[in-house]
$ cat final01.csv   # CSV, N, CA and C atoms
chain,number,residue,atom,x,y,z
A,27,LEU,N,-13.8,2.5,-14.0
A,27,LEU,CA,-15.1,2.2,-13.4
A,27,LEU,C,-16.2,2.6,-14.3
A,28,VAL,N,-15.9,3.4,-15.4
A,28,VAL,CA,-17.0,3.8,-16.3
A,28,VAL,C,-17.7,2.7,-16.9
A,29,THR,N,-16.9,1.6,-17.2
A,29,THR,CA,-17.6,0.4,-17.9
A,29,THR,C,-18.0,-0.6,-16.8
A,30,ARG,N,-17.7,-0.3,-15.6
A,30,ARG,CA,-18.1,-1.2,-14.5
A,30,ARG,C,-17.4,-2.6,-14.6
A,31,ASN,N,-16.3,-2.7,-15.4
A,31,ASN,CA,-15.6,-3.9,-15.4
A,31,ASN,C,-14.7,-4.0,-14.2
A,32,CYS,N,-14.4,-5.2,-13.8
A,32,CYS,CA,-13.5,-5.3,-12.6
A,32,CYS,C,-12.7,-6.6,-12.8
A,33,ASP,N,-11.6,-6.7,-12.1
A,33,ASP,CA,-10.8,-7.9,-12.0
A,33,ASP,C,-10.5,-8.2,-10.6
A,34,LEU,N,-10.3,-9.5,-10.3
A,34,LEU,CA,-9.8,-9.9,-9.0
A,34,LEU,C,-8.3,-10.0,-9.0
A,35,LEU,N,-7.7,-9.4,-8.0
A,35,LEU,CA,-6.2,-9.5,-7.8
A,35,LEU,C,-5.9,-10.5,-6.7
A,36,TRP,N,-5.1,-11.5,-7.0
A,36,TRP,CA,-4.8,-12.5,-6.0
A,36,TRP,C,-3.5,-12.3,-5.4
A,37,GLY,N,-3.4,-12.4,-4.1
A,37,GLY,CA,-2.1,-12.2,-3.4
A,37,GLY,C,-2.2,-12.2,-1.9
A,38,HIS,N,-3.1,-11.4,-1.4
A,38,HIS,CA,-3.3,-11.4,0.1
A,38,HIS,C,-3.8,-12.7,0.6
A,39,SER,N,-3.4,-13.1,1.8
A,39,SER,CA,-3.8,-14.4,2.4
A,39,SER,C,-4.9,-14.2,3.4
A,40,ASN,N,-5.4,-13.0,3.6
A,40,ASN,CA,-6.5,-12.7,4.5
A,40,ASN,C,-7.3,-11.5,3.9
A,41,ILE,N,-8.3,-11.1,4.6
A,41,ILE,CA,-9.2,-10.0,4.2
A,41,ILE,C,-8.5,-8.7,3.9
A,42,VAL,N,-8.9,-8.1,2.8
A,42,VAL,CA,-8.4,-6.7,2.5
A,42,VAL,C,-9.2,-5.7,3.2
A,43,ILE,N,-8.6,-4.8,3.9
A,43,ILE,CA,-9.3,-3.8,4.7
A,43,ILE,C,-9.4,-2.4,4.0
A,44,SER,N,-8.3,-2.1,3.3
A,44,SER,CA,-8.3,-0.7,2.7
A,44,SER,C,-7.6,-0.7,1.4
A,45,VAL,N,-8.0,0.2,0.5
A,45,VAL,CA,-7.3,0.3,-0.8
A,45,VAL,C,-7.2,1.8,-1.1
A,46,ASP,N,-6.2,2.2,-1.9
A,46,ASP,CA,-6.1,3.6,-2.3
A,46,ASP,C,-5.4,3.5,-3.7
A,47,VAL,N,-5.8,4.4,-4.6
A,47,VAL,CA,-5.2,4.5,-5.9
A,47,VAL,C,-4.3,5.7,-6.0
A,48,SER,N,-3.1,5.5,-6.6
A,48,SER,CA,-2.2,6.6,-6.8
A,48,SER,C,-2.8,7.8,-7.6
A,49,LEU,N,-2.3,8.9,-7.5
A,49,LEU,CA,-2.8,10.1,-8.1
A,49,LEU,C,-2.8,9.9,-9.7
A,50,ASP,N,-1.8,9.3,-10.2
A,50,ASP,CA,-1.7,9.0,-11.7
A,50,ASP,C,-2.6,7.9,-12.1
A,51,GLY,N,-3.2,7.1,-11.2
A,51,GLY,CA,-4.1,6.0,-11.5
A,51,GLY,C,-3.4,4.8,-12.0
A,52,VAL,N,-2.1,4.7,-11.9
A,52,VAL,CA,-1.3,3.6,-12.4
A,52,VAL,C,-1.2,2.5,-11.3
A,53,TRP,N,-1.2,2.9,-10.1
A,53,TRP,CA,-0.9,2.0,-9.0
A,53,TRP,C,-2.1,1.9,-8.0
A,54,LEU,N,-2.3,0.7,-7.4
A,54,LEU,CA,-3.3,0.5,-6.4
A,54,LEU,C,-2.6,-0.1,-5.2
A,55,ALA,N,-2.8,0.4,-4.0
A,55,ALA,CA,-2.2,-0.1,-2.8
A,55,ALA,C,-3.4,-0.8,-2.0
A,56,SER,N,-3.1,-1.9,-1.4
A,56,SER,CA,-4.1,-2.6,-0.6
A,56,SER,C,-3.5,-3.0,0.7
A,57,SER,N,-4.3,-2.9,1.8
A,57,SER,CA,-3.8,-3.3,3.1
A,57,SER,C,-4.7,-4.4,3.6
A,58,SER,N,-4.1,-5.3,4.4
A,58,SER,CA,-4.9,-6.5,4.7
A,58,SER,C,-4.7,-7.0,6.2
A,59,LYS,N,-5.5,-7.9,6.6
A,59,LYS,CA,-5.4,-8.6,7.9
A,59,LYS,C,-4.2,-9.6,7.8
A,60,ASP,N,-3.6,-9.7,6.7
A,60,ASP,CA,-2.4,-10.6,6.7
A,60,ASP,C,-1.1,-9.8,7.1
A,61,ASN,N,-1.3,-8.6,7.6
A,61,ASN,CA,-0.2,-7.8,8.1
A,61,ASN,C,0.7,-7.2,7.0
A,62,THR,N,0.2,-7.2,5.7
A,62,THR,CA,1.0,-6.7,4.6
A,62,THR,C,0.3,-5.6,3.8
A,63,VAL,N,1.0,-4.9,3.0
A,63,VAL,CA,0.5,-4.0,2.0
A,63,VAL,C,1.0,-4.5,0.7
A,64,ARG,N,0.2,-4.5,-0.3
A,64,ARG,CA,0.6,-4.9,-1.6
A,64,ARG,C,0.4,-3.7,-2.6
A,65,VAL,N,1.3,-3.5,-3.5
A,65,VAL,CA,1.2,-2.5,-4.5
A,65,VAL,C,1.1,-3.1,-5.8
A,66,TRP,N,0.0,-2.8,-6.5
A,66,TRP,CA,-0.4,-3.4,-7.7
A,66,TRP,C,-0.3,-2.5,-8.9
A,67,ASN,N,0.2,-3.0,-10.0
A,67,ASN,CA,0.2,-2.3,-11.3
A,67,ASN,C,-1.2,-2.5,-11.9
A,68,VAL,N,-2.0,-1.4,-12.0
A,68,VAL,CA,-3.4,-1.5,-12.4
A,68,VAL,C,-3.5,-2.1,-13.8
A,69,GLU,N,-2.7,-1.6,-14.7
A,69,GLU,CA,-2.8,-2.0,-16.1
A,69,GLU,C,-2.4,-3.5,-16.3
A,70,GLU,N,-1.3,-3.8,-15.6
A,70,GLU,CA,-0.8,-5.2,-15.8
A,70,GLU,C,-1.5,-6.2,-14.9
A,71,LYS,N,-2.3,-5.7,-13.9
A,71,LYS,CA,-3.1,-6.5,-13.0
A,71,LYS,C,-2.1,-7.4,-12.2
A,72,SER,N,-1.0,-6.9,-11.8
A,72,SER,CA,0.0,-7.7,-11.1
A,72,SER,C,0.5,-7.0,-9.9
A,73,CYS,N,1.0,-7.8,-8.9
A,73,CYS,CA,1.6,-7.3,-7.7
A,73,CYS,C,3.0,-7.0,-8.0
A,74,ALA,N,3.4,-5.7,-7.7
A,74,ALA,CA,4.8,-5.3,-8.0
A,74,ALA,C,5.6,-5.2,-6.7
A,75,MET,N,4.9,-5.1,-5.6
A,75,MET,CA,5.7,-5.0,-4.3
A,75,MET,C,4.8,-5.4,-3.1
A,76,VAL,N,5.5,-6.0,-2.2
A,76,VAL,CA,4.8,-6.4,-0.9
A,76,VAL,C,5.6,-5.7,0.2
A,77,CYS,N,4.9,-4.9,1.0
A,77,CYS,CA,5.5,-4.1,2.1
A,77,CYS,C,5.2,-4.9,3.4
A,78,VAL,N,6.3,-5.4,4.0
A,78,VAL,CA,6.3,-6.3,5.1
A,78,VAL,C,6.9,-5.6,6.3
A,79,GLY,N,6.2,-5.7,7.5
A,79,GLY,CA,6.8,-5.1,8.6
A,79,GLY,C,5.9,-4.8,9.8
A,80,HIS,N,4.6,-4.7,9.5
A,80,HIS,CA,3.6,-4.6,10.5
A,80,HIS,C,3.4,-5.9,11.2
A,81,THR,N,3.1,-5.9,12.5
A,81,THR,CA,3.0,-7.1,13.2
A,81,THR,C,1.5,-7.5,13.5
A,82,ASP,N,0.6,-6.7,13.0
A,82,ASP,CA,-0.8,-6.9,13.1
A,82,ASP,C,-1.5,-6.4,11.9
A,83,ASP,N,-2.9,-6.5,11.9
A,83,ASP,CA,-3.7,-6.1,10.7
A,83,ASP,C,-3.3,-4.7,10.3
A,84,VAL,N,-3.2,-4.5,9.0
A,84,VAL,CA,-2.9,-3.1,8.4
A,84,VAL,C,-4.3,-2.5,8.1
A,85,GLY,N,-4.7,-1.6,8.9
A,85,GLY,CA,-6.1,-1.1,8.7
A,85,GLY,C,-6.3,0.0,7.7
A,86,CYS,N,-5.2,0.6,7.3
A,86,CYS,CA,-5.4,1.7,6.3
A,86,CYS,C,-4.1,2.0,5.5
A,87,VAL,N,-4.3,2.4,4.3
A,87,VAL,CA,-3.1,2.7,3.4
A,87,VAL,C,-3.5,4.0,2.6
A,88,VAL,N,-2.6,4.9,2.4
A,88,VAL,CA,-2.9,6.1,1.6
A,88,VAL,C,-1.6,6.5,0.8
A,89,TRP,N,-1.8,6.8,-0.4
A,89,TRP,CA,-0.7,7.4,-1.3
A,89,TRP,C,-0.5,8.8,-1.0
A,90,SER,N,0.7,9.3,-1.2
A,90,SER,CA,0.9,10.7,-1.2
A,90,SER,C,0.0,11.3,-2.3
A,91,ARG,N,-0.4,12.6,-2.1
A,91,ARG,CA,-1.2,13.2,-3.1
A,91,ARG,C,-0.4,14.1,-4.1
A,92,ARG,N,0.9,14.0,-4.0
A,92,ARG,CA,1.8,14.8,-4.9
A,92,ARG,C,2.6,13.9,-5.7
A,93,THR,N,3.0,12.7,-5.2
A,93,THR,CA,3.9,11.8,-5.9
A,93,THR,C,3.5,10.3,-5.6
A,94,ALA,N,3.8,9.4,-6.5
A,94,ALA,CA,3.6,8.0,-6.3
A,94,ALA,C,4.8,7.4,-5.7
A,95,SER,N,5.7,8.1,-5.0
A,95,SER,CA,6.9,7.6,-4.5
A,95,SER,C,6.8,7.0,-3.1
A,96,PHE,N,5.7,7.3,-2.3
A,96,PHE,CA,5.6,6.7,-1.0
A,96,PHE,C,4.2,6.5,-0.6
A,97,LEU,N,4.0,5.6,0.4
A,97,LEU,CA,2.7,5.3,1.0
A,97,LEU,C,2.9,5.5,2.5
A,98,VAL,N,1.7,5.7,3.2
A,98,VAL,CA,1.7,5.7,4.6
A,98,VAL,C,0.6,4.7,5.0
A,99,THR,N,1.0,3.9,6.1
A,99,THR,CA,0.0,2.9,6.6
A,99,THR,C,-0.2,3.0,8.1
A,100,GLY,N,-1.3,2.6,8.5
A,100,GLY,CA,-1.6,2.5,10.0
A,100,GLY,C,-2.1,1.1,10.3
A,101,SER,N,-1.8,0.6,11.5
A,101,SER,CA,-2.0,-0.8,11.8
A,101,SER,C,-2.6,-1.0,13.2
A,102,SER,N,-3.1,-2.2,13.4
A,102,SER,CA,-3.5,-2.6,14.8
A,102,SER,C,-2.3,-2.8,15.7
A,103,ASP,N,-1.1,-2.8,15.1
A,103,ASP,CA,0.1,-2.9,16.0
A,103,ASP,C,0.4,-1.5,16.6
A,104,LYS,N,-0.5,-0.5,16.3
A,104,LYS,CA,-0.4,0.8,16.9
A,104,LYS,C,0.7,1.7,16.3
A,105,THR,N,1.2,1.3,15.1
A,105,THR,CA,2.3,2.0,14.5
A,105,THR,C,1.8,2.6,13.1
A,106,ILE,N,2.5,3.7,12.7
A,106,ILE,CA,2.4,4.3,11.4
A,106,ILE,C,3.7,4.1,10.7
A,107,LYS,N,3.6,3.6,9.5
A,107,LYS,CA,4.8,3.4,8.7
A,107,LYS,C,4.8,4.2,7.4
A,108,LEU,N,6.0,4.6,7.0
A,108,LEU,CA,6.2,5.3,5.7
A,108,LEU,C,7.0,4.3,4.8
A,109,TRP,N,6.5,4.1,3.6
A,109,TRP,CA,7.1,3.1,2.7
A,109,TRP,C,7.6,3.8,1.5
A,110,ASP,N,8.8,3.6,1.1
A,110,ASP,CA,9.4,4.1,-0.1
A,110,ASP,C,9.1,3.1,-1.2
A,111,VAL,N,8.2,3.5,-2.2
A,111,VAL,CA,7.8,2.6,-3.3
A,111,VAL,C,8.4,3.1,-4.6
A,112,SER,N,9.3,4.1,-4.5
A,112,SER,CA,9.9,4.6,-5.7
A,112,SER,C,10.6,3.6,-6.6
A,113,PRO,N,11.2,2.5,-6.0
A,113,PRO,CA,11.9,1.6,-6.9
A,113,PRO,C,10.9,1.0,-8.0
A,114,ILE,N,9.6,0.9,-7.7
A,114,ILE,CA,8.7,0.4,-8.7
A,114,ILE,C,7.9,1.5,-9.4
A,115,THR,N,7.8,2.7,-8.8
A,115,THR,CA,6.9,3.7,-9.4
A,115,THR,C,7.7,4.7,-10.2
A,116,ALA,N,9.0,4.7,-10.1
A,116,ALA,CA,9.8,5.7,-10.9
A,116,ALA,C,9.8,5.4,-12.4
A,117,PRO,N,10.0,6.4,-13.2
A,117,PRO,CA,10.0,6.1,-14.7
A,117,PRO,C,10.9,5.0,-15.1
A,118,LYS,N,12.1,4.9,-14.6
A,118,LYS,CA,13.0,3.8,-14.9
A,118,LYS,C,12.9,2.8,-13.8
A,119,ARG,N,11.8,2.2,-13.6
A,119,ARG,CA,11.6,1.3,-12.4
A,119,ARG,C,12.1,-0.1,-12.6
A,120,ALA,N,12.3,-0.7,-11.5
A,120,ALA,CA,12.7,-2.1,-11.5
A,120,ALA,C,11.5,-3.0,-11.9
A,121,ARG,N,11.8,-4.0,-12.7
A,121,ARG,CA,10.7,-4.9,-13.1
A,121,ARG,C,10.6,-6.1,-12.2
A,122,GLY,N,9.4,-6.6,-12.1
A,122,GLY,CA,9.2,-7.8,-11.3
A,122,GLY,C,8.7,-7.5,-9.9
A,123,HIS,N,8.5,-8.5,-9.2
A,123,HIS,CA,8.0,-8.4,-7.8
A,123,HIS,C,9.1,-8.1,-6.9
A,124,GLN,N,8.9,-7.2,-5.9
A,124,GLN,CA,9.9,-6.8,-4.9
A,124,GLN,C,9.2,-6.8,-3.5
A,125,ASP,N,10.0,-7.1,-2.5
A,125,ASP,CA,9.6,-6.9,-1.1
A,125,ASP,C,10.2,-5.6,-0.6
A,126,ASN,N,9.5,-5.0,0.3
A,126,ASN,CA,9.9,-3.7,0.8
A,126,ASN,C,9.8,-3.6,2.3
A,127,ASN,N,10.7,-3.0,3.0
A,127,ASN,CA,10.7,-2.7,4.4
A,127,ASN,C,10.4,-1.2,4.6
A,128,ALA,N,9.8,-0.9,5.7
A,128,ALA,CA,9.4,0.5,6.0
A,128,ALA,C,10.6,1.4,6.1
A,129,ARG,N,10.5,2.6,5.6
A,129,ARG,CA,11.6,3.6,5.7
A,129,ARG,C,11.5,4.3,7.1
A,130,PHE,N,10.3,4.4,7.6
A,130,PHE,CA,10.1,5.1,8.9
A,130,PHE,C,9.0,4.4,9.6
A,131,THR,N,9.1,4.2,10.9
A,131,THR,CA,8.1,3.7,11.8
A,131,THR,C,8.0,4.4,13.1
A,132,THR,N,6.8,4.7,13.5
A,132,THR,CA,6.6,5.3,14.8
A,132,THR,C,5.4,4.7,15.5
A,133,ARG,N,5.5,4.5,16.8
A,133,ARG,CA,4.3,4.1,17.6
A,133,ARG,C,3.5,5.3,17.8
A,134,ALA,N,2.3,5.3,17.3
A,134,ALA,CA,1.5,6.6,17.3
A,134,ALA,C,0.3,6.6,18.2
A,135,HIS,N,-0.2,5.5,18.6
A,135,HIS,CA,-1.4,5.4,19.5
A,135,HIS,C,-1.4,4.3,20.4
A,136,GLU,N,-2.3,4.3,21.3
A,136,GLU,CA,-2.5,3.2,22.3
A,136,GLU,C,-3.5,2.2,21.8
A,137,LYS,N,-4.2,2.5,20.7
A,137,LYS,CA,-5.2,1.6,20.1
A,137,LYS,C,-4.9,1.4,18.7
A,138,ASP,N,-5.7,0.6,18.0
A,138,ASP,CA,-5.6,0.4,16.6
A,138,ASP,C,-5.7,1.7,15.8
A,139,ILE,N,-4.9,1.7,14.7
A,139,ILE,CA,-5.0,2.9,13.8
A,139,ILE,C,-5.8,2.5,12.6
A,140,ASN,N,-6.9,3.2,12.3
A,140,ASN,CA,-7.8,2.8,11.2
A,140,ASN,C,-7.9,3.8,10.1
A,141,SER,N,-7.2,4.9,10.3
A,141,SER,CA,-7.2,6.0,9.2
A,141,SER,C,-6.0,6.8,9.3
A,142,VAL,N,-5.4,7.1,8.1
A,142,VAL,CA,-4.3,8.0,8.0
A,142,VAL,C,-4.5,8.9,6.8
A,143,ALA,N,-3.9,10.1,6.8
A,143,ALA,CA,-4.0,11.0,5.6
A,143,ALA,C,-2.7,11.6,5.4
A,144,VAL,N,-2.4,12.0,4.2
A,144,VAL,CA,-1.1,12.7,3.9
A,144,VAL,C,-1.4,14.1,3.4
A,145,SER,N,-0.8,15.0,4.1
A,145,SER,CA,-1.1,16.4,3.7
A,145,SER,C,-0.2,16.7,2.5
A,146,PRO,N,-0.8,17.4,1.5
A,146,PRO,CA,0.0,17.8,0.3
A,146,PRO,C,1.2,18.6,0.7
$ encode --input "final01.csv" --output "structure tokens"
Amino acid sequence: LVTRNCDLLWGHSNIVISVDVSLDGVWLASSSKDNTVRVWNVEEKSCAMVCVGHTDDVGCVVWSRRTASFLVTGSSDKTIKLWDVSPITAPKRARGHQDNNARFTTRAHEKDINSVAVSP
């Protein structure tokens, strides 16, 4: 952002609601009204993974503050999901685009979830 250059990343089919950057700055996660989360390689400007499983808008996404191995999301479907993204973020990661299912899901509220945080 120092140079104020930016690029558009194409992939979501509806409005992006939330973004978060991994601690190492290599990965960007975006959540959308298309019910998905996408994980982007910042340098390559490409989508490396799509996290599919929410049944309504994904209102928030956050990376772990210690490792780039997982994400947490909250949705209008009233659930919080934990996503294992280590297949793409590990040093010897898989190449190419991958789909991902949640590792853990819990119904957390009676209303939409618009914010989540991960404690170190």
$ closest_residue --input "final01.csv" --among "A:Ser112, A:Thr81, A:Thr105, A:Asn31" --to "A:Glu136" --atoms "all atoms listed in the file"
A:Thr105
$ closest_atom_pairs --input "final01.csv" --of "stretch 62-87 of chain A" --to "stretch 40-48 of chain A" --cutoff "12 Å" --atoms "only C-alpha atoms" --output "tab-separated table"
residue	atom	partner	partner_atom	distance
A:Thr62	CA	A:Asn40	CA	9.6
A:Val63	CA	A:Val42	CA	9.3
A:Arg64	CA	A:Val45	CA	9.5
A:Val65	CA	A:Val47	CA	9.6
A:Trp66	CA	A:Val47	CA	9.4
A:Asn67	CA	A:Val47	CA	10.2
A:Val68	CA	A:Val47	CA	9.0
A:Asp82	CA	A:Asn40	CA	11.8
A:Asp83	CA	A:Ile43	CA	8.5
A:Val84	CA	A:Ile43	CA	7.4
A:Gly85	CA	A:Ile43	CA	5.8
A:Cys86	CA	A:Ser44	CA	5.2
A:Val87	CA	A:Ser44	CA	6.3
$ atom_distance --input "final01.csv" --atom1 "atom C of A:Lys107" --atom2 "atom CA of A:Asp33"
27.7 Å
$ select_by_dssp --input "final01.csv" --residues "stretch 67-141 of chain A" --states "alpha helix (DSSP H)" --output "ChimeraX atom specification"
/A:112-115
$ write_last_selection --input "final01.csv" --atoms "N, CA and C atoms" --output "short mmCIF file (atom, residue, chain, number, x, y, z; two decimals), keeping the file's coordinate frame"
data_model
loop_
_atom_site.label_atom_id
_atom_site.label_comp_id
_atom_site.auth_asym_id
_atom_site.auth_seq_id
_atom_site.Cartn_x
_atom_site.Cartn_y
_atom_site.Cartn_z
N SER A 112 9.30 4.10 -4.50
CA SER A 112 9.90 4.60 -5.70
C SER A 112 10.60 3.60 -6.60
N PRO A 113 11.20 2.50 -6.00
CA PRO A 113 11.90 1.60 -6.90
C PRO A 113 10.90 1.00 -8.00
N ILE A 114 9.60 0.90 -7.70
CA ILE A 114 8.70 0.40 -8.70
C ILE A 114 7.90 1.50 -9.40
N THR A 115 7.80 2.70 -8.80
CA THR A 115 6.90 3.70 -9.40
C THR A 115 7.70 4.70 -10.20
#
$ closest_residue --input "final01.csv" --among "A:Ser58, A:Gly100, A:Asp50, A:Asn127" --to "A:His38" --atoms "all atoms listed in the file"
A:Ser58
$ closest_residue --input "final01.csv" --among "A:Thr93, A:Ser145, A:Thr115, A:Ser101" --to "A:His80" --atoms "all atoms listed in the file"
A:Ser101
$ select_by_dssp --input "final01.csv" --residues "chain A" --states "strand (DSSP E)" --output "PyMOL selection string"
chain A and resi 42-47+53-58+62-67+72-78+84-89+96-101+105-110+124-126+130-133
$ atom_distance --input "final01.csv" --atom1 "atom CA of A:Gly37" --atom2 "atom CA of A:Lys137"
27.4 Å
$ atom_distance --input "final01.csv" --atom1 "atom C of A:Ser90" --atom2 "atom CA of A:Leu108"
11.8 Å
$ axis_aligned_box --input "final01.csv" --around "stretch 51-54 of chain A" --padding-each-side "4 Å" --output "lines of an AutoDock Vina configuration file"
center_x = -2.5
center_y = 3.5
center_z = -8.8
size_x = 11.2
size_y = 15.2
size_z = 15.2
$ closest_residue --input "final01.csv" --among "A:Leu34, A:Ala74, A:Val52, A:Leu97" --to "A:Asp110" --atoms "only C-alpha atoms"
A:Leu97
$ build_atoms --input "final01.csv" --residues "stretch 31-40 of chain A" --atoms "all heavy atoms" --output "short mmCIF file (atom, residue, chain, number, x, y, z; two decimals), in the frame of the given file"
data_model
loop_
_atom_site.label_atom_id
_atom_site.label_comp_id
_atom_site.auth_asym_id
_atom_site.auth_seq_id
_atom_site.Cartn_x
_atom_site.Cartn_y
_atom_site.Cartn_z
N ASN A 31 -16.30 -2.70 -15.40
CA ASN A 31 -15.60 -3.90 -15.40
C ASN A 31 -14.70 -4.00 -14.20
O ASN A 31 -14.22 -2.96 -13.70
CB ASN A 31 -14.70 -3.97 -16.68
CG ASN A 31 -15.53 -4.15 -17.93
OD1 ASN A 31 -16.61 -4.74 -17.89
ND2 ASN A 31 -15.04 -3.64 -19.04
N CYS A 32 -14.40 -5.20 -13.80
CA CYS A 32 -13.50 -5.30 -12.60
C CYS A 32 -12.70 -6.60 -12.80
O CYS A 32 -13.14 -7.55 -13.50
CB CYS A 32 -14.21 -5.26 -11.30
SG CYS A 32 -15.34 -6.63 -11.01
N ASP A 33 -11.60 -6.70 -12.10
CA ASP A 33 -10.80 -7.90 -12.00
C ASP A 33 -10.50 -8.20 -10.60
O ASP A 33 -10.39 -7.34 -9.76
CB ASP A 33 -9.51 -7.72 -12.80
CG ASP A 33 -9.71 -7.65 -14.29
OD1 ASP A 33 -10.10 -8.68 -14.87
OD2 ASP A 33 -9.49 -6.57 -14.86
N LEU A 34 -10.30 -9.50 -10.30
CA LEU A 34 -9.80 -9.90 -9.00
C LEU A 34 -8.30 -10.00 -9.00
O LEU A 34 -7.70 -10.48 -9.98
CB LEU A 34 -10.36 -11.30 -8.61
CG LEU A 34 -11.85 -11.37 -8.38
CD1 LEU A 34 -12.27 -12.81 -8.12
CD2 LEU A 34 -12.27 -10.49 -7.22
N LEU A 35 -7.70 -9.40 -8.00
CA LEU A 35 -6.20 -9.50 -7.80
C LEU A 35 -5.90 -10.50 -6.70
O LEU A 35 -6.37 -10.26 -5.58
CB LEU A 35 -5.67 -8.09 -7.55
CG LEU A 35 -5.98 -7.03 -8.60
CD1 LEU A 35 -5.52 -5.66 -8.12
CD2 LEU A 35 -5.35 -7.38 -9.93
N TRP A 36 -5.10 -11.50 -7.00
CA TRP A 36 -4.80 -12.50 -6.00
C TRP A 36 -3.50 -12.30 -5.40
O TRP A 36 -2.50 -11.97 -6.09
CB TRP A 36 -4.85 -13.88 -6.68
CG TRP A 36 -6.19 -14.20 -7.24
CD1 TRP A 36 -6.60 -14.01 -8.53
CD2 TRP A 36 -7.31 -14.71 -6.54
NE1 TRP A 36 -7.91 -14.39 -8.68
CE2 TRP A 36 -8.38 -14.83 -7.47
CE3 TRP A 36 -7.54 -15.09 -5.23
CZ2 TRP A 36 -9.64 -15.30 -7.11
CZ3 TRP A 36 -8.79 -15.57 -4.88
CH2 TRP A 36 -9.82 -15.66 -5.81
N GLY A 37 -3.40 -12.40 -4.10
CA GLY A 37 -2.10 -12.20 -3.40
C GLY A 37 -2.20 -12.20 -1.90
O GLY A 37 -1.41 -12.84 -1.22
N HIS A 38 -3.10 -11.40 -1.40
CA HIS A 38 -3.30 -11.40 0.10
C HIS A 38 -3.80 -12.70 0.60
O HIS A 38 -4.54 -13.40 -0.09
CB HIS A 38 -4.26 -10.28 0.52
CG HIS A 38 -3.69 -8.90 0.46
ND1 HIS A 38 -2.71 -8.46 1.31
CD2 HIS A 38 -3.99 -7.85 -0.35
CE1 HIS A 38 -2.42 -7.19 1.03
NE2 HIS A 38 -3.17 -6.80 0.01
N SER A 39 -3.40 -13.10 1.80
CA SER A 39 -3.80 -14.40 2.40
C SER A 39 -4.90 -14.20 3.40
O SER A 39 -5.31 -15.15 4.04
CB SER A 39 -2.60 -15.07 3.03
OG SER A 39 -2.08 -14.29 4.09
N ASN A 40 -5.40 -13.00 3.60
CA ASN A 40 -6.50 -12.70 4.50
C ASN A 40 -7.30 -11.50 3.90
O ASN A 40 -6.98 -10.98 2.85
CB ASN A 40 -5.98 -12.39 5.88
CG ASN A 40 -6.96 -12.76 6.97
OD1 ASN A 40 -8.17 -12.66 6.79
ND2 ASN A 40 -6.44 -13.18 8.11
#
